[in-house]
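Undergrad: Sharing a structure below in structure tokens format, with a few things to ask.
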Number of protein chains: 2
Amino acid sequence: MLAAVPDARHFTEELNLLKDRLIHMGGLAQARVADGLNALVDADKHKVQKLINGDDVLNKLQLEIDDRCFKLLALNQPVATDLRLIVSAIKISADLERVGDLAVNIAEATVPYLGYQPVKALIDLPRMGEIAQQMLASALTAFLTNNAEAAKSVLAADDRLDALKDQVFRELLTYMLGNAETIAPAVELILISRHLERIGDHATNIAEDVIFITEARDVRHSRRK
Amino acid sequence: MLAAVPDARHFTEELNLLKDRLIHMGGLAQARVADGLNALVDADKHKVQKLINGDDVLNKLQLEIDDRCFKLLALNQPVATDLRLIVSAIKISADLERVGDLAVNIAEATVPYLGYQPVKALIDLPRMGEIAQQMLASALTAFLTNNAEAAKSVLAADDRLDALKDQVFRELLTYMLGNAETIAPAVELILISRHLERIGDHATNIAEDVIFITEARDVRHSRRK
């Protein structure tokens, strides 16, 4: 029955491996957001199609990470920080998988967009994309380094991203009202701005999980309206 | 040390209580979606404002349910179905909380919408709302009764909701191109249709969790592209 006894060293190794896999998944999710933005900015139809077809890797990673978490929960009796880390890992893998879906959503809105006359320099969408990517990178670094302070900076960036989304919306609506030819492409850009906003929301979820793991404090809903 | 020994009867009671609280939360989330739709259809500004201000109950329920789950995981050593139920409960409470947020998002888009001339009979938005609510109700019933077959019907409804969303989009775009006065209100309706689509996505997540709990089979990504 030795095999059934939890081995502390093995458990720590498994936890580290879990974190590695999440960081790996996070890097891939981030790369897909960058690809989505670049495909839009460069009007690169080939890149758009590649993005739409390539969501499998993240989906498989989510299943693998969740499976690891369930085994860790079932075979060990984690408490305190370890328990919070493992349960949060399941939530973070779901957030990263959704980020991958949103990159696909951006690509799917880019397909019709590229069929129209482009809207003036994409206004602030690239800036929104930069903030969303930066939020994701900071949230993952905070997770890897157990840094609650870094996680809090993500929450502040989310407010900037939301403000930018409202500004982008007003600007695009003005174009649409002024020139009917911009209606169809501008609607796609509005949808893309919402996808970017949601990527920021997922980065915020991850940051809140990091604060929960490190400080045992649930900060969700304490700052959001 | 008697207090630290897990008591099987107490554990079962706690699991049942957890399910009760989730079903309670689900009912409230569903009611908020219904309120959002009714406020839009009835052009009821008072109801809209009430919805925007009333998200606290769901937020608190999410924190309460997650806290219950963490205690159940830490104090007992759940395996198999019980472990899957408890971890799924954390995910389901997150889905229901997001449904509540989306009801607020619907209300927030209804505020500017009501300031414009209404778009012809809201096209198929009320139908989308009905499907989303029905999906949510079916997913919760499937959860309460451990009914994987009922959960599968939710997945089929999600495809109908997506098709309807595309149809609504095309129809609204046609209005916008034909009459500039419909641009601003139609954009709000497009956003509302996306919120309804996402409510369907959360109901789908819950249905997938029910299949996972009852059949120990992870069906995520097996049907979605």
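Order determines the names: the first chain of the structure tokens is A, the second B, and so forth; residues in each chain are numbered 1 upward, and ligands are numbered 1 upward as they are shown.
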Any chance you could dump chain B, least-squares fitted to chain A on all C-alpha atoms in order, as an mmCIF file with C-alpha atoms, in the first residue's frame?

TA:
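Just written: superposed_14.cif:
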data_model
loop_
_atom_site.group_PDB
_atom_site.id
_atom_site.type_symbol
_atom_site.label_atom_id
_atom_site.label_comp_id
_atom_site.auth_asym_id
_atom_site.auth_seq_id
_atom_site.Cartn_x
_atom_site.Cartn_y
_atom_site.Cartn_z
ATOM 1 C CA MET B 1 -0.011 0.044 0.084
ATOM 2 C CA LEU B 2 3.040 2.297 -0.092
ATOM 3 C CA ALA B 3 1.904 3.724 -3.409
ATOM 4 C CA ALA B 4 -1.222 5.204 -1.840
ATOM 5 C CA VAL B 5 0.662 7.168 0.840
ATOM 6 C CA PRO B 6 1.099 10.782 -0.273
ATOM 7 C CA ASP B 7 4.753 11.603 -0.687
ATOM 8 C CA ALA B 8 5.477 15.209 0.310
ATOM 9 C CA ARG B 9 8.394 15.630 -2.088
ATOM 10 C CA HIS B 10 6.454 14.155 -4.964
ATOM 11 C CA PHE B 11 3.503 16.407 -4.123
ATOM 12 C CA THR B 12 5.695 19.529 -4.222
ATOM 13 C CA GLU B 13 7.126 18.420 -7.553
ATOM 14 C CA GLU B 14 3.632 17.889 -8.918
ATOM 15 C CA LEU B 15 2.554 21.352 -7.743
ATOM 16 C CA ASN B 16 5.548 22.927 -9.462
ATOM 17 C CA LEU B 17 4.770 20.997 -12.622
ATOM 18 C CA LEU B 18 1.170 22.243 -12.437
ATOM 19 C CA LYS B 19 2.402 25.834 -12.229
ATOM 20 C CA ASP B 20 4.756 25.241 -15.162
ATOM 21 C CA ARG B 21 1.935 23.906 -17.312
ATOM 22 C CA LEU B 22 -0.290 26.871 -16.439
ATOM 23 C CA ILE B 23 2.473 29.332 -17.306
ATOM 24 C CA HIS B 24 3.021 27.458 -20.571
ATOM 25 C CA MET B 25 -0.706 27.672 -21.327
ATOM 26 C CA GLY B 26 -0.679 31.362 -20.393
ATOM 27 C CA GLY B 27 2.162 32.054 -22.806
ATOM 28 C CA LEU B 28 0.269 30.359 -25.633
ATOM 29 C CA ALA B 29 -2.928 32.270 -24.828
ATOM 30 C CA GLN B 30 -0.987 35.532 -24.816
ATOM 31 C CA ALA B 31 0.626 34.668 -28.157
ATOM 32 C CA ARG B 32 -2.808 34.078 -29.663
ATOM 33 C CA VAL B 33 -4.033 37.483 -28.525
ATOM 34 C CA ALA B 34 -0.911 39.053 -30.056
ATOM 35 C CA ASP B 35 -1.521 37.116 -33.288
ATOM 36 C CA GLY B 36 -5.127 38.320 -33.377
ATOM 37 C CA LEU B 37 -4.085 41.937 -33.016
ATOM 38 C CA ASN B 38 -1.279 41.624 -35.564
ATOM 39 C CA ALA B 39 -3.529 39.912 -38.086
ATOM 40 C CA LEU B 40 -5.995 42.800 -37.778
ATOM 41 C CA VAL B 41 -3.362 45.556 -37.946
ATOM 42 C CA ASP B 42 -1.509 43.894 -40.850
ATOM 43 C CA ALA B 43 -4.777 42.890 -42.614
ATOM 44 C CA ASP B 44 -3.220 39.426 -42.913
ATOM 45 C CA LYS B 45 -5.930 36.968 -44.025
ATOM 46 C CA HIS B 46 -3.581 34.008 -43.797
ATOM 47 C CA LYS B 47 -2.773 34.761 -40.153
ATOM 48 C CA VAL B 48 -6.487 35.230 -39.427
ATOM 49 C CA GLN B 49 -7.327 31.809 -40.800
ATOM 50 C CA LYS B 50 -4.465 30.178 -38.914
ATOM 51 C CA LEU B 51 -5.809 31.650 -35.694
ATOM 52 C CA ILE B 52 -9.351 30.403 -36.328
ATOM 53 C CA ASN B 53 -8.117 26.865 -36.969
ATOM 54 C CA GLY B 54 -5.628 26.622 -34.111
ATOM 55 C CA ASP B 55 -7.597 26.540 -30.853
ATOM 56 C CA ASP B 56 -6.981 22.873 -30.109
ATOM 57 C CA VAL B 57 -3.726 23.204 -28.190
ATOM 58 C CA LEU B 58 -5.259 25.437 -25.522
ATOM 59 C CA ASN B 59 -8.334 23.216 -25.233
ATOM 60 C CA LYS B 60 -6.176 20.153 -24.667
ATOM 61 C CA LEU B 61 -4.011 21.986 -22.147
ATOM 62 C CA GLN B 62 -7.110 22.931 -20.180
ATOM 63 C CA LEU B 63 -8.235 19.304 -19.986
ATOM 64 C CA GLU B 64 -4.712 18.196 -19.013
ATOM 65 C CA ILE B 65 -4.382 20.831 -16.266
ATOM 66 C CA ASP B 66 -7.825 20.076 -14.835
ATOM 67 C CA ASP B 67 -6.991 16.390 -14.805
ATOM 68 C CA ARG B 68 -3.760 17.100 -12.907
ATOM 69 C CA CYS B 69 -5.720 19.174 -10.391
ATOM 70 C CA PHE B 70 -8.328 16.478 -9.802
ATOM 71 C CA LYS B 71 -5.628 13.887 -9.222
ATOM 72 C CA LEU B 72 -3.787 16.197 -6.818
ATOM 73 C CA LEU B 73 -7.017 16.797 -4.877
ATOM 74 C CA ALA B 74 -8.023 13.136 -4.814
ATOM 75 C CA LEU B 75 -4.629 11.599 -3.974
ATOM 76 C CA ASN B 76 -3.382 14.149 -1.462
ATOM 77 C CA GLN B 77 -5.257 16.094 1.158
ATOM 78 C CA PRO B 78 -4.144 19.602 0.324
ATOM 79 C CA VAL B 79 -5.084 22.387 2.708
ATOM 80 C CA ALA B 80 -4.441 26.130 2.997
ATOM 81 C CA THR B 81 -2.203 27.591 0.256
ATOM 82 C CA ASP B 82 -1.859 24.297 -1.645
ATOM 83 C CA LEU B 83 -5.625 23.771 -1.766
ATOM 84 C CA ARG B 84 -6.183 27.348 -2.910
ATOM 85 C CA LEU B 85 -3.491 26.962 -5.570
ATOM 86 C CA ILE B 86 -4.975 23.760 -6.997
ATOM 87 C CA VAL B 87 -8.571 25.005 -7.105
ATOM 88 C CA SER B 88 -7.391 28.326 -8.541
ATOM 89 C CA ALA B 89 -5.455 26.440 -11.218
ATOM 90 C CA ILE B 90 -8.742 24.974 -12.476
ATOM 91 C CA LYS B 91 -10.225 28.462 -12.660
ATOM 92 C CA ILE B 92 -7.128 29.960 -14.290
ATOM 93 C CA SER B 93 -7.022 27.250 -16.968
ATOM 94 C CA ALA B 94 -10.680 28.080 -17.740
ATOM 95 C CA ASP B 95 -9.804 31.781 -18.003
ATOM 96 C CA LEU B 96 -6.888 31.074 -20.331
ATOM 97 C CA GLU B 97 -8.997 28.793 -22.500
ATOM 98 C CA ARG B 98 -11.578 31.591 -22.804
ATOM 99 C CA VAL B 99 -8.794 34.028 -23.737
ATOM 100 C CA GLY B 100 -7.941 31.650 -26.587
ATOM 101 C CA ASP B 101 -11.598 31.599 -27.642
ATOM 102 C CA LEU B 102 -11.658 35.385 -27.607
ATOM 103 C CA ALA B 103 -8.596 35.492 -29.864
ATOM 104 C CA VAL B 104 -10.619 33.320 -32.262
ATOM 105 C CA ASN B 105 -13.589 35.702 -31.878
ATOM 106 C CA ILE B 106 -11.291 38.607 -32.798
ATOM 107 C CA ALA B 107 -10.156 36.704 -35.887
ATOM 108 C CA GLU B 108 -13.768 35.859 -36.807
ATOM 109 C CA ALA B 109 -14.706 39.555 -36.694
ATOM 110 C CA THR B 110 -11.548 40.423 -38.643
ATOM 111 C CA VAL B 111 -12.651 38.249 -41.591
ATOM 112 C CA PRO B 112 -15.638 40.457 -42.571
ATOM 113 C CA TYR B 113 -13.765 43.618 -41.469
ATOM 114 C CA LEU B 114 -11.023 43.000 -44.031
ATOM 115 C CA GLY B 115 -13.656 42.893 -46.782
ATOM 116 C CA TYR B 116 -14.535 46.573 -46.206
ATOM 117 C CA GLN B 117 -12.707 49.866 -46.556
ATOM 118 C CA PRO B 118 -10.598 50.157 -43.379
ATOM 119 C CA VAL B 119 -11.769 52.526 -40.643
ATOM 120 C CA LYS B 120 -9.284 55.313 -39.936
ATOM 121 C CA ALA B 121 -6.173 53.714 -38.358
ATOM 122 C CA LEU B 122 -8.259 51.361 -36.191
ATOM 123 C CA ILE B 123 -8.518 54.198 -33.648
ATOM 124 C CA ASP B 124 -7.513 52.971 -30.181
ATOM 125 C CA LEU B 125 -7.962 49.233 -30.734
ATOM 126 C CA PRO B 126 -4.213 48.466 -30.910
ATOM 127 C CA ARG B 127 -3.790 50.392 -27.633
ATOM 128 C CA MET B 128 -6.575 48.300 -26.064
ATOM 129 C CA GLY B 129 -4.823 45.176 -27.331
ATOM 130 C CA GLU B 130 -1.534 46.264 -25.758
ATOM 131 C CA ILE B 131 -3.173 46.887 -22.388
ATOM 132 C CA ALA B 132 -5.013 43.542 -22.478
ATOM 133 C CA GLN B 133 -1.798 41.685 -23.338
ATOM 134 C CA GLN B 134 0.130 43.530 -20.645
ATOM 135 C CA MET B 135 -2.560 42.667 -18.093
ATOM 136 C CA LEU B 136 -2.367 39.016 -19.042
ATOM 137 C CA ALA B 137 1.453 39.013 -18.819
ATOM 138 C CA SER B 138 1.399 40.754 -15.424
ATOM 139 C CA ALA B 139 -1.242 38.395 -14.044
ATOM 140 C CA LEU B 140 0.797 35.354 -15.088
ATOM 141 C CA THR B 141 4.017 36.787 -13.651
ATOM 142 C CA ALA B 142 2.173 37.558 -10.411
ATOM 143 C CA PHE B 143 0.949 33.957 -10.367
ATOM 144 C CA LEU B 144 4.422 32.533 -10.993
ATOM 145 C CA THR B 145 6.067 34.692 -8.331
ATOM 146 C CA ASN B 146 3.187 34.692 -5.780
ATOM 147 C CA ASN B 147 3.220 38.456 -5.974
ATOM 148 C CA ALA B 148 -0.052 39.951 -4.746
ATOM 149 C CA GLU B 149 1.175 43.510 -5.317
ATOM 150 C CA ALA B 150 1.806 42.832 -9.006
ATOM 151 C CA ALA B 151 -1.666 41.274 -9.190
ATOM 152 C CA LYS B 152 -3.193 44.488 -7.861
ATOM 153 C CA SER B 153 -1.658 46.486 -10.725
ATOM 154 C CA VAL B 154 -3.709 44.312 -13.102
ATOM 155 C CA LEU B 155 -6.916 45.435 -11.403
ATOM 156 C CA ALA B 156 -5.980 49.093 -11.946
ATOM 157 C CA ALA B 157 -5.217 48.468 -15.635
ATOM 158 C CA ASP B 158 -8.684 46.949 -16.088
ATOM 159 C CA ASP B 159 -10.291 50.311 -15.288
ATOM 160 C CA ARG B 160 -8.159 51.959 -17.995
ATOM 161 C CA LEU B 161 -9.162 49.279 -20.496
ATOM 162 C CA ASP B 162 -12.858 49.804 -19.727
ATOM 163 C CA ALA B 163 -12.534 53.569 -20.162
ATOM 164 C CA LEU B 164 -10.787 53.050 -23.497
ATOM 165 C CA LYS B 165 -13.560 50.679 -24.617
ATOM 166 C CA ASP B 166 -16.181 53.387 -23.962
ATOM 167 C CA GLN B 167 -14.091 55.943 -25.844
ATOM 168 C CA VAL B 168 -13.642 53.582 -28.822
ATOM 169 C CA PHE B 169 -17.398 52.982 -28.865
ATOM 170 C CA ARG B 170 -18.258 56.710 -28.951
ATOM 171 C CA GLU B 171 -15.682 57.360 -31.667
ATOM 172 C CA LEU B 172 -16.886 54.512 -33.887
ATOM 173 C CA LEU B 173 -20.519 55.530 -33.450
ATOM 174 C CA THR B 174 -19.597 59.033 -34.619
ATOM 175 C CA TYR B 175 -17.994 57.597 -37.769
ATOM 176 C CA MET B 176 -21.046 55.433 -38.445
ATOM 177 C CA LEU B 177 -23.460 58.344 -38.112
ATOM 178 C CA GLY B 178 -21.286 60.517 -40.360
ATOM 179 C CA ASN B 179 -20.604 58.043 -43.153
ATOM 180 C CA ALA B 180 -22.767 55.010 -43.974
ATOM 181 C CA GLU B 181 -19.797 53.232 -45.573
ATOM 182 C CA THR B 182 -18.186 52.865 -42.163
ATOM 183 C CA ILE B 183 -21.232 51.175 -40.566
ATOM 184 C CA ALA B 184 -20.445 47.549 -41.366
ATOM 185 C CA PRO B 185 -16.683 47.672 -40.619
ATOM 186 C CA ALA B 186 -17.181 49.818 -37.499
ATOM 187 C CA VAL B 187 -19.636 47.293 -36.039
ATOM 188 C CA GLU B 188 -16.945 44.619 -36.355
ATOM 189 C CA LEU B 189 -14.453 46.893 -34.592
ATOM 190 C CA ILE B 190 -16.953 47.487 -31.767
ATOM 191 C CA LEU B 191 -17.258 43.722 -31.350
ATOM 192 C CA ILE B 192 -13.446 43.366 -31.357
ATOM 193 C CA SER B 193 -13.190 46.060 -28.672
ATOM 194 C CA ARG B 194 -15.602 44.013 -26.539
ATOM 195 C CA HIS B 195 -13.505 40.887 -27.024
ATOM 196 C CA LEU B 196 -10.417 42.800 -25.886
ATOM 197 C CA GLU B 197 -12.307 44.110 -22.868
ATOM 198 C CA ARG B 198 -13.191 40.538 -21.940
ATOM 199 C CA ILE B 199 -9.572 39.410 -22.279
ATOM 200 C CA GLY B 200 -8.828 42.090 -19.689
ATOM 201 C CA ASP B 201 -11.617 40.658 -17.509
ATOM 202 C CA HIS B 202 -10.013 37.215 -17.626
ATOM 203 C CA ALA B 203 -6.609 38.692 -16.712
ATOM 204 C CA THR B 204 -8.391 40.390 -13.802
ATOM 205 C CA ASN B 205 -9.880 37.053 -12.709
ATOM 206 C CA ILE B 206 -6.396 35.530 -12.702
ATOM 207 C CA ALA B 207 -5.018 38.466 -10.697
ATOM 208 C CA GLU B 208 -7.834 38.047 -8.157
ATOM 209 C CA ASP B 209 -6.978 34.356 -7.902
ATOM 210 C CA VAL B 210 -3.327 35.240 -7.193
ATOM 211 C CA ILE B 211 -4.415 37.533 -4.345
ATOM 212 C CA PHE B 212 -6.642 34.739 -3.065
ATOM 213 C CA ILE B 213 -3.832 32.158 -3.215
ATOM 214 C CA THR B 214 -1.203 34.360 -1.568
ATOM 215 C CA GLU B 215 -3.310 36.346 0.915
ATOM 216 C CA ALA B 216 -6.215 33.911 1.519
ATOM 217 C CA ARG B 217 -8.450 36.887 0.873
ATOM 218 C CA ASP B 218 -11.267 36.900 -1.645
ATOM 219 C CA VAL B 219 -11.160 40.334 -3.302
ATOM 220 C CA ARG B 220 -13.764 39.611 -5.955
ATOM 221 C CA HIS B 221 -16.657 42.075 -5.872
ATOM 222 C CA SER B 222 -14.845 44.309 -3.382
ATOM 223 C CA ARG B 223 -13.806 46.753 -6.081
ATOM 224 C CA ARG B 224 -16.188 46.003 -8.921
ATOM 225 C CA LYS B 225 -19.560 47.692 -8.870
#

Undergrad: Would you please give, as JSON, numbers by chain, all residues of range 1-73 of chain B that DSSP assigns to alpha helix (DSSP H) based on the backbone?

TA: {"B": [8, 9, 10, 11, 12, 13, 14, 15, 16, 17, 18, 19, 20, 21, 22, 23, 24, 25, 26, 27, 28, 29, 30, 31, 32, 33, 34, 35, 36, 37, 38, 39, 40, 41, 45, 46, 47, 48, 49, 50, 51, 52, 53, 56, 57, 58, 59, 60, 61, 62, 63, 64, 65, 66, 67, 68, 69, 70, 71, 72, 73]}
